[in-house]
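For reference, the structure discussed in these notes is given below.
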Amino acid sequence: MRKAVLFWGFACMVVAAARAQVNLPPGFETVEIAVDERFTSPPSINNCGQIVYSKEETVPPYGPEIYLYDNGRITQITHNDIPDDFPVINDAGDMAWIRYVPELDRVQLVFLRDGVETIVDEAWALTGVEINSSGHLVWSHYFDGNCNWDLRVMFWNGSQVTQITPPDEYYDQSPAINDLDDIVWTHMNVCVTPWTGRIQAFWDQQIVDLPSVDSQEQGSDISNSRHLVWSAGQDVVEFRNGMVNVVAAHGAVPKVNNAGEIYAPVWSVIRELWEPYVFVPQDRGYVAYRFGQGASSYTDGANNDYGEAACRWINDPVNGDWGGGILFLRQARTGDYNGDARTDLLDYHRMANCMNGPLVSGGLCGCRLFDFDCDDDVDLLDFCEFQSRFNIK
């Protein structure tokens, strides 16, 4: 049983408990969500601190359903008897995920906006969907081919699907997209042993090869400034300003935000499990923060532009315990909105714009940092708590 520790005046205990600190960035705290014995998909997080994920159901047919975590509350998004899995979300609240339709023996790519679903693609298999701020999507579409592993990167601009990568003997997987519609992916040859892979990108209307530092590269991500990260052998590397640099040894599946911060699980050689890290730029390098530890293994995750990150953990897959949950590294609700280590008039001006009165729920986004009691509004109760923290040091 994990101990709950509170970091602010009001207890935000609707569905999450704050965890004891490990090595957190200043002004941040961690909470655990979606904790149970069921399998949890990799989470996606947006700049409003909303997190989407899927959970296996406990009743037949036991398929996963999509859930949304928003400001301390969890809402089930899908309610059906077919599997919905691997969701992603953008700042507008648009979502996309993969749905398996048993009667068709096919999977569909589902896009959700304002409660309306759109079927974007359908195939024997689809994988690796990602979304940007415009609601544009990238994913990999299975075609028949060599080794039965013929994947192509696809792009949807909201109205039309375009195939980005051409037919060849390679396997194009795990695409990522930024807000400028730049796309990166892993270009793999799985018809050889051992497999090989390198990172490719699509920008300026052409496919380019990124500098290769290992024969087995995969798991890339890209920011709006074309700052790229990926796994190269046993290391996490970045491509920035025309140079490739190692960010972390023994790391995997990195994500980079538009502030240049990187999330990656790092393998603990001593403890023999994955631990979650964020790497924050400082001077010419990074400061590494490990924000979770324990007997569980932390794997896939994502981060937003405010330094927040979410990752899943699995209890003990070696012994068949696939239960777990999501660890959320979030900004602490101290009233210090601009992160200058004090709560003053600059923060008050922001809070004044966030005041929306009692019983006005939803849509807080950045204003959630002033919702001290986690009741989905910013009202006089929150102002009183803000006032108690006010200082002019």
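Chain labels follow the order of the structure tokens: the first chain is A, the next B, and so on; residue numbering restarts at 1 in every chain, and ligands are counted from 1 in their shown order.
Residues in contact range of segment 247-249 of chain A, defined as at most 7 Å between only C-alpha atoms, with sequence neighbours fewer than 2 positions away removed, read Gln234, Asp235, Val236, Val237, Glu238, Asn245 and Gly251 of chain A.
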Worksheet entry | Nearest to Tyr306 of chain A by atom-to-atom distance, counting only C-alpha atoms, from A:Val287, A:Ile45, A:Ala252, A:Met243 | A:Ile45
Worksheet item: What's the 8 Å shell around Thr186 of chain A, counting only C-alpha atoms, without same-chain residues fewer than 3 positions away, as a PyMOL selection string?
Response: chain A and resi 171-175+197-200+217-220
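Counting only C-alpha atoms, the residue from A:Ile183, A:Ile66, A:Ala92, A:Met154 that sits nearest to Asn80 of chain A is A:Ile66.
Between Asp168 of chain A and the candidates A:Asp114, A:Asp181, A:Asp221, A:Asp150, the tightest atom-to-atom separation, counting only C-alpha atoms, involves A:Asp150.
Using only C-alpha atoms, the residues found no farther than 9 Å from segment 104-113 of chain A, other than those of its own chain fewer than 4 positions away, are A:Ala92, A:Gly93, A:Asp94, A:Met95, A:Ala96, A:Trp97, A:Ile98, A:Arg99, A:Tyr100, A:Glu117, A:Thr118, A:Ile119, A:Val120, A:Asp121, A:Glu122, A:Ala123, A:Trp124, A:Ala125, A:Leu126, A:Thr127, A:Val129, A:Gly135, A:Leu137, A:Trp139.
Checking A:Thr193, A:Thr343, A:Asn338, A:Asn178 one by one against Glu130 of chain A, counting only C-alpha atoms, you find the shortest gap at A:Asn178.
Here the question is which of A:Phe39, A:Phe328, A:Tyr348, A:Phe386 gets nearest to Gly72 of chain A using only C-alpha atoms, and that residue is A:Phe328.
For the residues A:Pro61, A:Gly27, A:Pro211, A:Pro83, ranking by smallest atom-to-atom distance to Val101 of chain A using only C-alpha atoms places A:Pro83 first.
From atom CA of Ile262 of chain A back to atom CA of Asp84 of chain A, the distance works out to 28.1 Å.
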Practice prompt. Grab the atom CA of Val35 of chain A to atom CA of Gly324 of chain A distance for me, in Å with one decimal place.
Written response: 5.6 Å
Practice prompt. Pick out each residue of segment 216-346 of chain A that DSSP on the backbone tags as strand (DSSP E); I need them as a ChimeraX atom specification.
Written response: /A:217-222,228-232,235-240,243-249,255-256,262-268,273-282,285-290,297-303,309-316,321-331
Worksheet entry | Point-to-point distance from atom CA of His227 of chain A to atom CA of Ser215 of chain A, Å rounded to tenths | 21.0 Å
